[in-house]
Amino acid sequence: MERRAIGEHLEELRARLWWSVVALAASMTVALVFHRTLLEIVTLPHYRARFFFDVPPSPWQFIAKSHVGYILSMTKLAFAVGLFVASPVIGWQAWRFVATGLYAHERRAAGSFAVTSFLLFVLGVATGYFHLVPVTLYGMARMLPLDQVAAVFDISEYMDLVLTMTVVLGALFQLPLAMAFLSRIGLVPARAWGRARRHAVVANVAVAAFLSPPDPLSMAVYAVPLVGLYEAGILSARWVRPDA
């Protein structure tokens, strides 16, 4: 009987994984079909940075260092976009697999956690694309002596920069949720986050100084969202455990 139950669970897991892979493959295929549109969207911050220097378009274009450079870059971008688009289907399949073993109150808590985590990730990616990526490119462009250095950029390196910054910021936006979770389970009291505020601010400024271009304005643009995330985490922790 127990062996039969394990077999049924494995069969269900295979079915859930199959539909997840199908959703990812379909989303990635569509993204590859519209790779030119995706390229225009992803490179928009790069070309906007050019207008700060009033340079002609021709020396501000991208290059591919190898025959497969562009294809590999767009494949990585299509995978990231496809994974993002298919994430509701993948999340739903994972939820259907684990929900049967949870109590009603656990299902409600897990559902709220998953939705909040996804929304925070989307907000982080959007903040990275519309806020941090343009500031980073502008700061880097300000340091570029166009009278001495030809402005030609590798598309692969640019794609890696954009994907890394947006995904990392999407992960960093999980900080308030992680802080609230640690306080909710009693591992870190809510008031402990408040006592560590000064140390957190110093750490966030140090991270911002490391990631941002070397000027005070860019560093402030990086530091403010990080400090804001920590403050949001303090409020979230106090909300879920007001007695801690």
# chains A, B, ... in the order shown; residues from 1 in each chain; ligands from 1
call {"tool": "select_by_dssp", "arguments": {"residues": "range 69-218 of chain A", "states": "helix (DSSP H, G or I)", "output": "VMD selection string"}}
result
chain A and resid 69 to 101 104 to 142 155 to 172 175 to 184 190 to 195 197 to 211 216 to 218
call {"tool": "residues_around", "arguments": {"residues": "range 198-203 of chain A", "least_positions_apart": "5", "cutoff": "12 Å", "atoms": "only C-alpha atoms", "output": "list in words"}}
result
Ala192, Trp193, Ala208, Ala209, Phe210, Ala220, Ala223, Val224, Pro225, Leu226, Val227, Gly228, Leu229, Tyr230, Glu231, Gly233 and Ile234 of chain A
call {"tool": "atom_distance", "arguments": {"atom1": "CA of Val133 in chain A", "atom2": "CA of Ala26 in chain A"}}
result
28.4 Å
call {"tool": "residues_around", "arguments": {"residues": "Val115 in chain A", "least_positions_apart": "5", "cutoff": "12 Å", "atoms": "only C-alpha atoms", "output": "JSON, numbers by chain"}}
result
{"A": [87, 88, 91, 92, 95, 108, 109, 110, 120, 121, 122, 174, 177]}
call {"tool": "residues_around", "arguments": {"residues": "Leu38 in chain A", "least_positions_apart": "5", "cutoff": "10 Å", "atoms": "only C-alpha atoms", "output": "PyMOL selection string"}}
result
chain A and resi 31-33+43-44+74+77-78+81
call {"tool": "closest_residue", "arguments": {"among": "A:Met219, A:Phe97, A:Ser156, A:Ser236", "to": "Glu8 in chain A", "atoms": "only C-alpha atoms"}}
result
A:Phe97
call {"tool": "closest_atom_pairs", "arguments": {"of": "range 136-236 of chain A", "to": "range 66-71 of chain A", "cutoff": "12 Å", "atoms": "only C-alpha atoms", "output": "Markdown table"}}
result
| residue | atom | partner | partner_atom | distance |
| --- | --- | --- | --- | --- |
| A:Asp154 | CA | A:Gly69 | CA | 9.1 |
| A:Ile155 | CA | A:Tyr70 | CA | 6.9 |
| A:Ser156 | CA | A:Gly69 | CA | 6.4 |
| A:Glu157 | CA | A:Gly69 | CA | 9.9 |
| A:Tyr158 | CA | A:Tyr70 | CA | 11.1 |
| A:Met159 | CA | A:Tyr70 | CA | 9.7 |
| A:Asp160 | CA | A:Gly69 | CA | 11.9 |
call {"tool": "write_last_selection", "arguments": {"atoms": "C-alpha atoms", "output": "PDB file, in the first residue's frame"}}
result
ATOM      1  CA  ASP A 154      29.797  43.970 -26.809  1.00  0.00           C
ATOM      2  CA  ILE A 155      26.194  42.728 -26.861  1.00  0.00           C
ATOM      3  CA  SER A 156      27.014  39.669 -24.726  1.00  0.00           C
ATOM      4  CA  GLU A 157      28.529  41.733 -21.913  1.00  0.00           C
ATOM      5  CA  TYR A 158      25.602  44.146 -22.016  1.00  0.00           C
ATOM      6  CA  MET A 159      23.056  41.325 -21.818  1.00  0.00           C
ATOM      7  CA  ASP A 160      24.906  39.826 -18.852  1.00  0.00           C
TER       8      ASP A 160
END
call {"tool": "atom_distance", "arguments": {"atom1": "CA of Pro145 in chain A", "atom2": "CA of His131 in chain A"}}
result
24.0 Å
call {"tool": "atom_distance", "arguments": {"atom1": "CA of Val42 in chain A", "atom2": "CA of Met165 in chain A"}}
result
12.2 Å
call {"tool": "decode", "arguments": {"residues": "range 173-186 of chain A", "atoms": "C-alpha atoms", "output": "PDB file, in the first residue's frame"}}
result
ATOM      1  CA  PHE A 173      13.367  42.605  -3.036  1.00  0.00           C
ATOM      2  CA  GLN A 174      12.639  39.365  -1.179  1.00  0.00           C
ATOM      3  CA  LEU A 175      14.404  40.860   1.864  1.00  0.00           C
ATOM      4  CA  PRO A 176      11.253  42.197   3.606  1.00  0.00           C
ATOM      5  CA  LEU A 177       9.550  38.848   3.137  1.00  0.00           C
ATOM      6  CA  ALA A 178      12.568  36.958   4.496  1.00  0.00           C
ATOM      7  CA  MET A 179      12.784  39.247   7.525  1.00  0.00           C
ATOM      8  CA  ALA A 180       9.076  38.827   8.230  1.00  0.00           C
ATOM      9  CA  PHE A 181       9.371  35.045   7.891  1.00  0.00           C
ATOM     10  CA  LEU A 182      12.306  34.840  10.314  1.00  0.00           C
ATOM     11  CA  SER A 183      10.379  36.902  12.838  1.00  0.00           C
ATOM     12  CA  ARG A 184       7.180  34.935  12.285  1.00  0.00           C
ATOM     13  CA  ILE A 185       8.836  31.625  13.157  1.00  0.00           C
ATOM     14  CA  GLY A 186      10.537  33.213  16.162  1.00  0.00           C
TER      15      GLY A 186
END
